[in-house]
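protein28.cif (mmCIF, C-alpha atoms (C1' of nucleotides)) appears below.
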```
data_coords
#
loop_
_atom_site.label_atom_id
_atom_site.label_comp_id
_atom_site.auth_asym_id
_atom_site.auth_seq_id
_atom_site.Cartn_x
_atom_site.Cartn_y
_atom_site.Cartn_z
CA MET A 263 176.25 33.72 209.97
CA ARG A 264 178.12 36.84 211.11
CA ILE A 265 181.27 35.75 209.38
CA SER A 266 179.53 35.41 206.06
CA LYS A 267 179.92 39.12 205.55
CA PHE A 268 183.65 38.83 205.59
CA ARG A 269 184.36 35.31 204.48
CA LYS A 270 182.22 33.43 202.02
CA THR A 271 180.18 30.64 203.57
CA PRO A 272 180.69 27.55 201.41
CA LYS A 273 177.72 26.78 199.19
CA VAL A 274 176.11 23.41 198.72
CA VAL A 275 173.73 23.06 195.80
CA PHE A 276 170.73 20.73 195.90
CA ILE A 277 168.77 19.58 192.88
CA VAL A 278 165.48 17.99 193.92
CA GLY A 279 162.24 16.99 192.25
CA PRO A 280 160.04 14.03 191.42
CA THR A 281 161.29 10.97 189.64
CA ALA A 282 161.76 11.13 185.85
CA ILE A 283 161.80 14.93 185.79
CA GLY A 284 165.37 15.04 184.48
CA LYS A 285 167.49 15.71 187.57
CA THR A 286 170.34 13.43 186.57
CA ARG A 287 170.80 14.95 183.14
CA LEU A 288 170.61 18.51 184.35
CA ALA A 289 172.94 17.86 187.25
CA VAL A 290 175.73 16.61 185.02
CA LYS A 291 175.57 19.70 182.84
CA LEU A 292 175.36 21.94 185.87
CA ALA A 293 178.35 20.22 187.43
CA MET A 294 180.43 20.82 184.33
CA LYS A 295 179.50 24.47 184.33
CA LEU A 296 180.11 24.96 188.05
CA ARG A 297 183.12 22.70 188.36
CA GLY A 298 181.12 20.53 190.67
CA GLU A 299 180.88 16.98 191.86
CA ILE A 300 177.62 15.12 192.31
CA ILE A 301 176.45 13.42 195.46
CA SER A 302 173.56 11.08 194.80
CA CYS A 303 170.88 11.41 197.41
CA ASP A 304 169.15 8.20 196.56
CA SER A 305 168.45 5.01 198.45
CA MET A 306 168.68 2.80 195.37
CA GLN A 307 171.37 4.26 193.12
CA ILE A 308 173.83 3.42 195.87
CA TYR A 309 173.48 -0.25 194.97
CA LYS A 310 175.50 -2.19 192.47
CA GLY A 311 173.77 -4.18 189.77
CA MET A 312 170.58 -2.11 189.81
CA ASP A 313 171.37 0.19 186.89
CA ILE A 314 168.03 -0.10 185.13
CA LEU A 315 165.89 -0.46 188.23
CA SER A 316 167.31 2.62 189.92
CA GLN A 317 168.18 4.57 186.76
CA THR A 318 171.77 4.91 187.90
CA PRO A 319 173.63 7.71 186.08
CA SER A 320 175.31 6.29 182.99
CA ARG A 321 178.99 5.42 182.78
CA SER A 322 179.58 8.25 180.36
CA ASP A 323 177.96 10.74 182.72
CA ARG A 324 180.09 9.39 185.51
CA ARG A 325 183.17 9.84 183.38
CA LEU A 326 182.28 13.44 182.69
CA VAL A 327 181.55 14.34 186.30
CA LYS A 328 182.61 12.67 189.50
CA HIS A 329 179.60 10.98 191.14
CA HIS A 330 179.53 9.97 194.78
CA LEU A 331 177.37 7.39 196.54
CA VAL A 332 176.48 5.68 193.30
CA ASN A 333 176.98 2.04 192.38
CA LEU A 334 179.07 1.03 195.35
CA LEU A 335 177.02 -1.03 197.80
CA SER A 336 176.20 -4.69 197.41
CA PRO A 337 172.40 -5.22 197.30
CA ASP A 338 172.52 -7.42 200.38
CA LYS A 339 173.74 -4.49 202.50
CA GLU A 340 171.34 -2.19 204.33
CA TYR A 341 171.23 1.51 203.61
CA SER A 342 169.31 4.29 205.33
CA ALA A 343 168.94 8.01 205.69
CA ALA A 344 171.34 7.95 208.63
CA VAL A 345 174.01 6.00 206.77
CA PHE A 346 173.54 8.36 203.84
CA ILE A 347 174.26 11.49 205.84
CA LYS A 348 177.21 9.86 207.58
CA ARG A 349 178.75 9.14 204.21
CA ALA A 350 177.66 12.33 202.48
CA ALA A 351 178.89 14.86 205.05
CA PRO A 352 182.63 14.07 204.74
CA ILE A 353 182.33 13.86 200.96
CA ILE A 354 180.83 17.34 200.82
CA LYS A 355 183.57 18.63 203.06
CA SER A 356 186.30 17.21 200.86
CA ILE A 357 184.76 18.55 197.67
CA LEU A 358 184.70 22.00 199.18
CA LYS A 359 188.27 21.58 200.32
CA ILE A 360 189.49 21.18 196.75
CA GLY A 361 187.53 24.26 195.75
CA LYS A 362 184.73 22.53 193.89
CA THR A 363 180.98 22.75 194.32
CA PRO A 364 179.07 19.88 195.91
CA ILE A 365 175.81 19.19 194.07
CA VAL A 366 173.42 16.95 195.95
CA VAL A 367 170.95 15.35 193.58
CA GLY A 368 167.97 13.28 194.60
CA GLY A 369 164.32 12.81 195.19
CA SER A 370 164.12 11.45 198.69
CA GLY A 371 162.51 14.00 200.97
CA LEU A 372 163.74 12.34 204.11
CA TYR A 373 167.34 11.99 202.96
CA ILE A 374 167.44 15.64 202.01
CA LYS A 375 165.83 16.76 205.22
CA ALA A 376 168.19 14.58 207.22
CA LEU A 377 171.20 16.02 205.45
CA ILE A 378 170.19 19.65 205.84
CA TYR A 379 168.59 19.60 209.26
CA GLY A 380 170.28 16.55 210.73
CA LEU A 381 168.99 13.51 212.55
CA PHE A 382 168.94 13.31 216.29
CA PRO A 383 171.49 10.88 217.71
CA SER A 384 169.78 7.55 217.64
CA PRO A 385 170.75 3.90 217.56
CA ALA A 386 171.17 1.91 214.37
CA ALA A 387 168.43 -0.30 213.09
CA ASP A 388 167.97 -3.54 214.99
CA MET A 389 166.43 -5.92 212.48
CA LYS A 390 166.06 -8.69 215.03
CA PHE A 391 164.11 -6.46 217.39
CA ARG A 392 161.91 -5.30 214.51
CA LYS A 393 161.11 -8.82 213.49
CA ASN A 394 160.27 -9.76 217.04
CA MET A 395 157.97 -6.79 217.37
CA GLN A 396 156.32 -7.59 214.08
CA ARG A 397 155.66 -11.09 215.27
CA PHE A 398 154.27 -9.75 218.53
CA ALA A 399 151.99 -7.37 216.66
CA ALA A 400 150.78 -10.14 214.39
CA ARG A 401 149.94 -12.31 217.37
CA HIS A 402 148.58 -9.84 219.90
CA GLY A 403 147.60 -6.88 217.78
CA LEU A 404 149.36 -3.67 216.94
CA SER A 405 147.35 -1.72 219.48
CA ARG A 406 149.25 -3.49 222.27
CA LEU A 407 152.51 -2.05 220.91
CA HIS A 408 151.01 1.38 220.54
CA LYS A 409 149.76 1.17 224.09
CA ARG A 410 153.20 0.21 225.32
CA LEU A 411 154.69 3.19 223.52
CA MET A 412 152.02 5.37 225.07
CA GLU A 413 153.29 4.31 228.51
CA ILE A 414 156.94 4.91 227.67
CA ASP A 415 156.68 8.10 225.61
CA PRO A 416 153.15 9.51 225.43
CA ASP A 417 154.27 12.57 223.54
CA CYS A 418 155.73 10.51 220.75
CA ALA A 419 152.95 7.93 220.78
CA SER A 420 150.29 10.53 220.30
CA ARG A 421 152.03 11.78 217.18
CA ILE A 422 152.26 8.35 215.57
CA HIS A 423 149.07 6.87 214.18
CA ALA A 424 147.97 3.63 215.84
CA ASN A 425 148.22 1.79 212.51
CA ASP A 426 151.70 2.96 211.60
CA VAL A 427 153.62 -0.23 212.38
CA ARG A 428 157.01 0.97 211.29
CA ARG A 429 157.08 4.13 213.31
CA ILE A 430 155.67 2.50 216.42
CA ILE A 431 158.31 -0.21 216.26
CA ARG A 432 161.11 2.25 215.55
CA ALA A 433 160.15 4.33 218.57
CA LEU A 434 160.12 1.23 220.76
CA GLU A 435 163.41 0.13 219.25
CA ILE A 436 165.06 3.40 220.22
CA PHE A 437 163.93 2.97 223.79
CA HIS A 438 164.90 -0.70 223.75
CA SER A 439 168.50 -0.04 222.75
CA THR A 440 169.19 3.26 224.53
CA GLY A 441 166.82 3.30 227.47
CA ARG A 442 165.85 6.79 226.37
CA THR A 443 162.78 7.93 224.53
CA MET A 444 162.62 9.49 221.12
CA THR A 445 161.28 12.68 222.62
CA GLU A 446 164.29 12.94 224.92
CA LEU A 447 166.69 12.41 222.06
CA LYS A 448 165.02 14.90 219.79
CA SER A 449 166.80 17.91 221.25
CA ALA A 450 169.48 19.97 219.48
CA THR A 451 170.18 18.26 216.22
CA LYS A 452 172.65 19.71 213.80
CA GLY A 453 172.82 19.38 210.06
CA LEU A 454 174.55 20.80 207.04
CA GLY A 455 172.28 23.80 207.12
CA ASP A 456 174.03 25.00 210.26
CA VAL A 457 177.42 25.06 208.57
CA TYR A 458 176.92 25.76 204.87
CA ASP A 459 174.93 28.02 202.63
CA ILE A 460 172.29 25.68 201.25
CA LYS A 461 170.94 26.41 197.78
CA LEU A 462 167.85 24.37 197.03
CA PHE A 463 166.57 24.06 193.48
CA GLY A 464 163.61 22.01 192.33
CA LEU A 465 162.55 20.77 188.92
CA LYS A 466 158.83 20.59 188.27
CA ALA A 467 156.26 20.11 185.53
CA LYS A 468 152.53 19.65 185.15
CA ARG A 469 151.36 16.50 186.87
CA SER A 470 150.19 14.99 183.58
CA SER A 471 153.62 15.59 182.03
CA ILE A 472 155.39 13.96 184.93
CA TYR A 473 153.14 10.96 184.56
CA SER A 474 153.76 10.58 180.85
CA ARG A 475 157.49 10.90 181.44
CA ILE A 476 157.17 8.05 183.92
CA ASP A 477 155.27 5.92 181.43
CA GLU A 478 157.94 6.47 178.81
CA ARG A 479 160.69 5.69 181.24
CA VAL A 480 159.09 2.42 182.32
CA ASP A 481 158.64 1.34 178.71
CA LYS A 482 162.29 2.04 178.15
CA MET A 483 163.28 0.12 181.28
CA PHE A 484 161.57 -2.96 179.88
CA ALA A 485 163.21 -2.47 176.50
CA ASP A 486 166.56 -2.14 178.25
CA GLY A 487 166.19 -5.47 180.01
CA ILE A 488 164.80 -4.76 183.45
CA VAL A 489 163.37 -8.28 183.62
CA LYS A 490 166.80 -9.78 183.18
CA GLU A 491 168.22 -7.46 185.82
CA VAL A 492 165.55 -8.46 188.32
CA ARG A 493 166.05 -12.14 187.60
CA ARG A 494 169.74 -11.75 188.31
CA LEU A 495 169.20 -9.68 191.47
CA THR A 496 166.67 -11.98 193.05
CA ARG A 497 168.98 -14.96 192.81
CA LYS A 498 170.71 -13.65 195.91
CA LYS A 499 169.32 -12.44 199.19
CA LEU A 500 168.51 -8.74 199.17
CA ALA A 501 168.71 -6.24 202.01
CA MET A 502 165.49 -4.80 203.37
CA THR A 503 166.37 -1.52 201.72
CA SER A 504 167.26 -2.73 198.22
CA LYS A 505 164.32 -5.11 198.26
CA GLU A 506 161.99 -2.12 198.18
CA ALA A 507 163.18 -0.80 194.82
CA LEU A 508 160.25 -0.06 192.58
CA GLY A 509 160.00 -2.74 189.93
CA LEU A 510 161.27 -5.62 192.00
CA LYS A 511 157.92 -6.76 193.37
CA GLU A 512 156.13 -6.08 190.12
CA ILE A 513 158.53 -8.08 187.99
CA THR A 514 158.99 -10.87 190.50
CA GLY A 515 155.25 -11.51 190.27
CA TYR A 516 155.57 -11.86 186.52
CA LEU A 517 158.60 -14.14 186.81
CA ASP A 518 156.67 -16.32 189.23
CA GLY A 519 153.93 -16.65 186.63
CA GLU A 520 151.31 -14.76 188.59
CA TYR A 521 150.51 -12.44 185.67
CA GLU A 522 151.63 -11.25 182.25
CA ALA A 523 154.55 -8.93 181.57
CA GLU A 524 152.16 -6.22 180.43
CA TYR A 525 150.47 -6.24 183.81
CA ALA A 526 153.80 -5.96 185.60
CA LYS A 527 154.60 -2.99 183.42
CA ASP A 528 151.29 -1.29 184.22
CA MET A 529 151.79 -1.89 187.92
CA LEU A 530 155.27 -0.43 187.80
CA LYS A 531 153.94 2.64 186.03
CA MET A 532 151.21 3.06 188.60
CA ASN A 533 153.48 2.60 191.59
CA THR A 534 156.03 5.00 190.16
CA ARG A 535 153.32 7.62 189.64
CA ARG A 536 152.31 7.24 193.25
CA PHE A 537 155.87 7.59 194.33
CA ALA A 538 156.17 10.82 192.37
CA LYS A 539 152.98 12.06 194.00
CA ARG A 540 154.39 11.44 197.47
CA GLN A 541 157.63 13.14 196.53
CA LEU A 542 155.68 16.20 195.43
CA THR A 543 153.78 16.29 198.70
CA TRP A 544 157.06 16.26 200.54
CA PHE A 545 158.73 19.00 198.50
CA ARG A 546 155.69 21.24 198.26
CA LYS A 547 155.94 22.25 201.88
CA ASN A 548 159.60 23.20 201.70
CA LYS A 549 159.43 26.92 201.04
CA ARG A 550 163.17 27.24 200.54
CA ILE A 551 163.10 25.45 197.22
CA LYS A 552 163.44 27.64 194.14
CA TRP A 553 161.42 25.92 191.44
CA PHE A 554 161.97 25.66 187.71
CA ASP A 555 159.34 24.36 185.34
CA VAL A 556 161.20 22.13 182.89
CA GLU A 557 158.58 22.66 180.21
CA ARG A 558 158.64 26.42 180.32
CA ASN A 559 162.40 26.81 180.57
CA SER A 560 165.11 25.27 178.48
CA GLU A 561 167.75 23.27 180.25
CA ALA A 562 170.32 25.88 179.31
CA LYS A 563 168.20 28.61 180.83
CA ILE A 564 167.71 26.73 184.07
CA ILE A 565 171.43 26.05 184.33
CA ALA A 566 172.26 29.68 183.63
CA ASN A 567 169.77 30.76 186.27
CA ILE A 568 171.12 28.42 188.89
CA THR A 569 174.68 29.39 188.08
CA LYS A 570 173.83 33.04 188.58
CA LYS A 571 172.17 32.35 191.93
CA VAL A 572 175.03 30.19 193.14
CA GLY A 573 177.87 32.20 191.69
"C1'" G B 116 116.56 -12.65 163.72
"C1'" C B 117 115.50 -15.61 168.31
"C1'" C B 118 116.81 -16.96 173.49
"C1'" G B 119 119.51 -15.66 177.88
"C1'" A B 120 122.48 -12.25 180.96
"C1'" G B 121 123.54 -7.35 181.74
"C1'" G B 122 124.05 -1.57 181.26
"C1'" U B 123 125.10 2.15 188.70
"C1'" A B 124 132.02 6.17 190.33
"C1'" G B 125 137.90 6.15 186.11
"C1'" C B 126 137.76 0.23 186.52
"C1'" U B 127 135.42 -4.37 188.68
"C1'" C B 128 130.91 -4.80 190.82
"C1'" A B 129 127.08 -4.64 195.43
"C1'" G B 130 122.39 -2.90 196.95
"C1'" C B 131 117.50 -0.80 197.51
"C1'" G B 132 109.98 1.78 196.20
"C1'" G B 133 112.19 7.04 200.12
"C1'" U B 134 117.53 10.69 194.87
"C1'" A B 135 123.39 5.49 196.19
"C1'" G B 136 127.73 1.93 198.31
"C1'" A B 137 132.50 -1.42 198.41
"C1'" G B 138 137.32 -2.71 196.57
"C1'" C B 139 140.89 -0.85 193.37
"C1'" G B 140 142.19 3.76 190.93
"C1'" C B 141 142.51 9.00 191.75
"C1'" U B 142 143.38 13.47 194.90
"C1'" G B 143 145.19 15.70 199.43
"C1'" C B 144 148.16 15.05 203.75
"C1'" C B 145 151.80 12.90 207.47
"C1'" C B 146 156.79 11.50 207.84
"C1'" U B 147 163.91 11.42 212.07
"C1'" G B 148 168.28 4.77 210.89
"C1'" A B 149 163.41 0.00 205.55
"C1'" A B 150 161.64 6.44 202.82
"C1'" A B 151 161.51 3.88 195.58
"C1'" A B 152 159.16 2.22 202.38
"C1'" G B 153 155.06 2.98 205.77
"C1'" G B 154 150.61 5.51 207.52
"C1'" C B 155 146.01 8.82 207.46
"C1'" A B 156 141.91 11.27 205.10
"C1'" G B 157 138.47 12.36 201.04
"C1'" G B 158 133.11 9.68 197.04
"C1'" C B 159 135.20 12.21 192.66
"C1'" G B 160 127.92 10.00 190.22
"C1'" U B 161 123.03 12.97 184.30
"C1'" G B 162 122.08 5.23 188.00
"C1'" G B 163 122.05 3.71 179.03
"C1'" C B 164 117.65 6.71 176.91
"C1'" G B 165 112.38 7.60 176.91
"C1'" U B 166 107.35 6.86 178.50
"C1'" G B 167 104.21 5.07 182.23
"C1'" U B 168 102.61 3.33 187.46
"C1'" U B 169 103.36 5.84 192.23
"C1'" C B 170 103.02 11.03 197.07
"C1'" G B 171 107.94 9.36 195.63
"C1'" A B 172 111.59 5.30 190.63
"C1'" C B 173 118.31 3.69 190.46
"C1'" U B 174 114.74 0.10 192.19
"C1'" C B 175 108.33 -1.72 189.20
"C1'" A B 176 106.06 -2.00 183.81
"C1'" C B 177 106.60 -1.08 178.63
"C1'" G B 178 109.47 0.63 174.37
"C1'" C B 179 114.17 1.85 172.26
"C1'" C B 180 119.60 1.75 172.19
"C1'" C B 181 124.13 -0.74 173.54
"C1'" U B 182 127.41 -4.92 175.42
"C1'" C B 183 128.33 -10.10 176.29
"C1'" G B 184 127.07 -15.38 175.70
"C1'" G B 185 124.15 -19.21 173.09
"C1'" C B 186 121.12 -20.66 168.81
"C1'" A B 187 120.55 -19.45 163.87
#
```
Can you turn what I pasted into C-alpha cells?
Amino acid sequence: MRISKFRKTPKVVFIVGPTAIGKTRLAVKLAMKLRGEIISCDSMQIYKGMDILSQTPSRSDRRLVKHHLVNLLSPDKEYSAAVFIKRAAPIIKSILKIGKTPIVVGGSGLYIKALIYGLFPSPAADMKFRKNMQRFAARHGLSRLHKRLMEIDPDCASRIHANDVRRIIRALEIFHSTGRTMTELKSATKGLGDVYDIKLFGLKAKRSSIYSRIDERVDKMFADGIVKEVRRLTRKKLAMTSKEALGLKEITGYLDGEYEAEYAKDMLKMNTRRFAKRQLTWFRKNKRIKWFDVERNSEAKIIANITKKVG
RNA sequence: GCCGAGGUAGCUCAGCGGUAGAGCGCUGCCCUGAAAAGGCAGGCGUGGCGUGUUCGACUCACGCCCUCGGCA
C-alpha cells in the first residue's frame, strides 16, 4: 500500500445486494458512466439457456456494456466459486490494462468473498468421492463420517456441525485427494484485495419491499415463459451446479403433475425470499460495504455517489 | 330451521382439570471448489365470546357467535 501514494492502485468496483434489488440495471448505467465492463459474479447467469431462470442481463444491456461470465457455459458443466475466481481474475486484469473499470456484480456472498480474500489452494471437486461418501453416510450414518474427520482434522471437525453433510464430505475429500488437512491448507491465501483497491457498494431496501419485488419478478418470469424454459432444460442432463437454480425444482414438480402451476409459483416466491434473506445475512457482516437504499435514493443519485467515490 | 363436525401460533392441526405443543411458515445466525446449495438456533399465543362448576378451566356444563358438511 506504500506505493499508492505515488501511483494509483487500480480500483475494482463491486455492486452487491439481495436478488431483485436492481443490481443488473444499475450496473449497466454505472458502467456507461465509468467506462466500465461488468463481471457477473453469479453461479447461474454463467449458464446458457437459463435466461429467465437466472435473470441473465438482456441482450440490449449486453450490447451497451461488455459483460463477462454471462451466458457461456453449457448447463451440463459444473461451476463453482473456485472456477469463478480463476476466470474472473484474468478478466479483471485485462480490463484494467485497457484503462477501463472492472465492475463485479452479484449476490453470492461466497463468490465475492473468494474473489476478494482468495481461496486456499485446494483440490477440485471429486464428484465420485462425494457420491461414495453420501452412500456411506446413508448406510452407516453421518456421525461416522464426522467422527472420521475428527480423527484426521479435529480443529476443522469441531467447526463443522455434525449434520452438515456437504462440509464434512468436502473436508474429507480434501484430505482424500491431497493427503493434507483443510486446516493445514488454510494458511496464507491471497485474493484481489491484496492487489487492488476494492470498492464495495451494496443496494438495499426494506425487507417488505425486497419481498414484493421478488413476487413481481416471479410473476413476470412465469409470464415470460419460465415453464417452457425449464421443460427445455430438463430434457438434458444438468450439472450439479445448474440443477440448483431456483425455479427448477418448483417447476419440475408442476410438470410432473405433482401440483398446480399456482403452487409452483408460490413455492418459487417463497424460496427466492429465503434466498434473499440468506444473502442479507451474509452481507450484513461485511463492514466494508457502503450501502444505498434504493427507495430513498434515485438511481441517478446512487450512480453519481458511486462515481464520486470511485473517481 | 334441524342434525353432525369443528373454532388452539401466520397456515395445517395435536394434546390436556394444574395458564400449551408439532410440522410448515417466519426471524436470527453459520459458511473456503454444489453457495440460487447446505447447516444451526429461536415459539412468534387474548386457546371464538360470555356465564357457571372448581382451589384451579384451553380442557367440564350451559348460552351466544362463526365455519364446514348433510337434511330441509
Please, what distance in Å, to one decimal, runs between atom CA of Gly298 of chain A and atom CA of Pro364 of chain A? 5.7 Å
I'd like a table as a tab-separated table: residues in chain B with an atom no more than 9 Å from chain A, each row giving the shortest atom pair and its distance in Å to one decimal, all atoms listed in the file counted, sorted by chain and rising residue number.
```
residue	atom	partner	partner_atom	distance
B:G143	C1'	A:Thr543	CA	8.6
B:C144	C1'	A:Thr543	CA	7.7
B:C146	C1'	A:Leu372	CA	7.9
B:U147	C1'	A:Leu381	CA	5.5
B:G148	C1'	A:Ala344	CA	5.0
B:A149	C1'	A:Thr503	CA	5.1
B:A150	C1'	A:Leu372	CA	6.4
B:A151	C1'	A:Ala507	CA	5.0
B:A152	C1'	A:Glu506	CA	6.7
B:G153	C1'	A:Arg428	CA	6.2
B:G154	C1'	A:Asp426	CA	4.9
B:C155	C1'	A:His423	CA	7.6
```
For the structure provided, state which residues fall under the PyMOL selection byres ((chain B and resi 171-184) around 9), and present them as a short mmCIF file (atom, residue, chain, number, x, y, z; two decimals) with C-alpha atoms (C1' of nucleotides), in the coordinates of the input.
```cif
data_model
loop_
_atom_site.label_atom_id
_atom_site.label_comp_id
_atom_site.auth_asym_id
_atom_site.auth_seq_id
_atom_site.Cartn_x
_atom_site.Cartn_y
_atom_site.Cartn_z
"C1'" G B 119 119.51 -15.66 177.88
"C1'" A B 120 122.48 -12.25 180.96
"C1'" G B 121 123.54 -7.35 181.74
"C1'" G B 122 124.05 -1.57 181.26
"C1'" U B 123 125.10 2.15 188.70
"C1'" C B 131 117.50 -0.80 197.51
"C1'" G B 132 109.98 1.78 196.20
"C1'" G B 133 112.19 7.04 200.12
"C1'" U B 134 117.53 10.69 194.87
"C1'" A B 135 123.39 5.49 196.19
"C1'" G B 162 122.08 5.23 188.00
"C1'" G B 163 122.05 3.71 179.03
"C1'" C B 164 117.65 6.71 176.91
"C1'" G B 165 112.38 7.60 176.91
"C1'" U B 166 107.35 6.86 178.50
"C1'" G B 167 104.21 5.07 182.23
"C1'" U B 168 102.61 3.33 187.46
"C1'" U B 169 103.36 5.84 192.23
"C1'" C B 170 103.02 11.03 197.07
"C1'" G B 185 124.15 -19.21 173.09
#
```
Using Å and a single decimal, report how far atom CA of Ile354 of chain A sits from atom CA of Asn567 of chain A. 22.7 Å
State, in Å with one decimal place, the distance from atom CA of Ser336 of chain A to atom CA of Leu434 of chain A. 29.0 Å
Given the file shown, enumerate the residues that the PyMOL selection byres ((chain A and resi 458-460) around 6) captures and present them as number ranges by chain. A: 271-274, 454-455, 457, 461
Taking the file as shown, what set of residues would the PyMOL selection byres ((chain B and resi 137) around 12) give back, as a ChimeraX atom specification? /B:124,127-130,135-136,138-139,158
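Comparing the minimum interatomic distances between Phe398 of chain A and each of A:Ile431, A:Lys563, A:Gln541, A:Lys482, counting all atoms listed in the file, we find that A:Ile431 sits nearest.
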Residues within 12 Å of Ala467 of chain A, please, as a VMD selection string. Count all atoms listed in the file; anything in the same chain fewer than 6 positions from it doesn't count. chain A and resid 279 to 284 473 to 475 538 542 553 to 559
For the selection you just gave me, I'd like the residues written to a file as a PDB file, in the coordinates of the input, keeping C-alpha atoms.
```
ATOM      1  CA  GLY A 279     162.240  16.990 192.250  1.00  0.00           C
ATOM      2  CA  PRO A 280     160.040  14.030 191.420  1.00  0.00           C
ATOM      3  CA  THR A 281     161.290  10.970 189.640  1.00  0.00           C
ATOM      4  CA  ALA A 282     161.760  11.130 185.850  1.00  0.00           C
ATOM      5  CA  ILE A 283     161.800  14.930 185.790  1.00  0.00           C
ATOM      6  CA  GLY A 284     165.370  15.040 184.480  1.00  0.00           C
ATOM      7  CA  TYR A 473     153.140  10.960 184.560  1.00  0.00           C
ATOM      8  CA  SER A 474     153.760  10.580 180.850  1.00  0.00           C
ATOM      9  CA  ARG A 475     157.490  10.900 181.440  1.00  0.00           C
ATOM     10  CA  ALA A 538     156.170  10.820 192.370  1.00  0.00           C
ATOM     11  CA  LEU A 542     155.680  16.200 195.430  1.00  0.00           C
ATOM     12  CA  TRP A 553     161.420  25.920 191.440  1.00  0.00           C
ATOM     13  CA  PHE A 554     161.970  25.660 187.710  1.00  0.00           C
ATOM     14  CA  ASP A 555     159.340  24.360 185.340  1.00  0.00           C
ATOM     15  CA  VAL A 556     161.200  22.130 182.890  1.00  0.00           C
ATOM     16  CA  GLU A 557     158.580  22.660 180.210  1.00  0.00           C
ATOM     17  CA  ARG A 558     158.640  26.420 180.320  1.00  0.00           C
ATOM     18  CA  ASN A 559     162.400  26.810 180.570  1.00  0.00           C
TER      19      ASN A 559
END
```
Could I see segment 328-333 of chain A restored to all heavy atoms, set down as a PDB file, in the frame of the given file?
```
ATOM      1  N   LYS A 328     182.438  13.612 188.387  1.00  0.00           N
ATOM      2  CA  LYS A 328     182.610  12.670 189.500  1.00  0.00           C
ATOM      3  C   LYS A 328     181.283  12.527 190.260  1.00  0.00           C
ATOM      4  O   LYS A 328     180.674  13.503 190.675  1.00  0.00           O
ATOM      5  CB  LYS A 328     183.704  13.203 190.422  1.00  0.00           C
ATOM      6  CG  LYS A 328     183.891  12.414 191.678  1.00  0.00           C
ATOM      7  CD  LYS A 328     185.071  11.455 191.568  1.00  0.00           C
ATOM      8  CE  LYS A 328     185.219  10.655 192.878  1.00  0.00           C
ATOM      9  NZ  LYS A 328     185.416   9.227 192.631  1.00  0.00           N
ATOM     10  N   HIS A 329     180.829  11.276 190.392  1.00  0.00           N
ATOM     11  CA  HIS A 329     179.600  10.980 191.140  1.00  0.00           C
ATOM     12  C   HIS A 329     179.947  10.240 192.423  1.00  0.00           C
ATOM     13  O   HIS A 329     180.721   9.298 192.402  1.00  0.00           O
ATOM     14  CB  HIS A 329     178.675  10.083 190.311  1.00  0.00           C
ATOM     15  CG  HIS A 329     177.884  10.803 189.269  1.00  0.00           C
ATOM     16  ND1 HIS A 329     178.462  11.353 188.147  1.00  0.00           N
ATOM     17  CD2 HIS A 329     176.549  11.055 189.167  1.00  0.00           C
ATOM     18  CE1 HIS A 329     177.506  11.918 187.405  1.00  0.00           C
ATOM     19  NE2 HIS A 329     176.342  11.756 187.995  1.00  0.00           N
ATOM     20  N   HIS A 330     179.315  10.660 193.502  1.00  0.00           N
ATOM     21  CA  HIS A 330     179.530   9.970 194.780  1.00  0.00           C
ATOM     22  C   HIS A 330     178.270   9.237 195.206  1.00  0.00           C
ATOM     23  O   HIS A 330     177.164   9.628 194.846  1.00  0.00           O
ATOM     24  CB  HIS A 330     179.910  10.981 195.873  1.00  0.00           C
ATOM     25  CG  HIS A 330     181.148  11.755 195.563  1.00  0.00           C
ATOM     26  ND1 HIS A 330     182.406  11.349 195.939  1.00  0.00           N
ATOM     27  CD2 HIS A 330     181.319  12.907 194.863  1.00  0.00           C
ATOM     28  CE1 HIS A 330     183.304  12.229 195.520  1.00  0.00           C
ATOM     29  NE2 HIS A 330     182.667  13.183 194.853  1.00  0.00           N
ATOM     30  N   LEU A 331     178.467   8.192 195.989  1.00  0.00           N
ATOM     31  CA  LEU A 331     177.370   7.390 196.540  1.00  0.00           C
ATOM     32  C   LEU A 331     176.498   6.776 195.441  1.00  0.00           C
ATOM     33  O   LEU A 331     175.272   6.719 195.552  1.00  0.00           O
ATOM     34  CB  LEU A 331     176.504   8.225 197.498  1.00  0.00           C
ATOM     35  CG  LEU A 331     177.267   8.822 198.686  1.00  0.00           C
ATOM     36  CD1 LEU A 331     176.318   9.556 199.623  1.00  0.00           C
ATOM     37  CD2 LEU A 331     178.030   7.750 199.451  1.00  0.00           C
ATOM     38  N   VAL A 332     177.164   6.340 194.403  1.00  0.00           N
ATOM     39  CA  VAL A 332     176.480   5.680 193.300  1.00  0.00           C
ATOM     40  C   VAL A 332     177.189   4.360 193.020  1.00  0.00           C
ATOM     41  O   VAL A 332     178.421   4.317 192.998  1.00  0.00           O
ATOM     42  CB  VAL A 332     176.533   6.574 192.036  1.00  0.00           C
ATOM     43  CG1 VAL A 332     176.344   5.757 190.781  1.00  0.00           C
ATOM     44  CG2 VAL A 332     175.461   7.657 192.114  1.00  0.00           C
ATOM     45  N   ASN A 333     176.416   3.297 192.856  1.00  0.00           N
ATOM     46  CA  ASN A 333     176.980   2.040 192.380  1.00  0.00           C
ATOM     47  C   ASN A 333     178.125   1.524 193.246  1.00  0.00           C
ATOM     48  O   ASN A 333     179.151   1.131 192.742  1.00  0.00           O
ATOM     49  CB  ASN A 333     177.480   2.263 190.935  1.00  0.00           C
ATOM     50  CG  ASN A 333     177.729   0.955 190.217  1.00  0.00           C
ATOM     51  OD1 ASN A 333     176.930   0.029 190.346  1.00  0.00           O
ATOM     52  ND2 ASN A 333     178.818   0.866 189.488  1.00  0.00           N
TER      53      ASN A 333
END
```
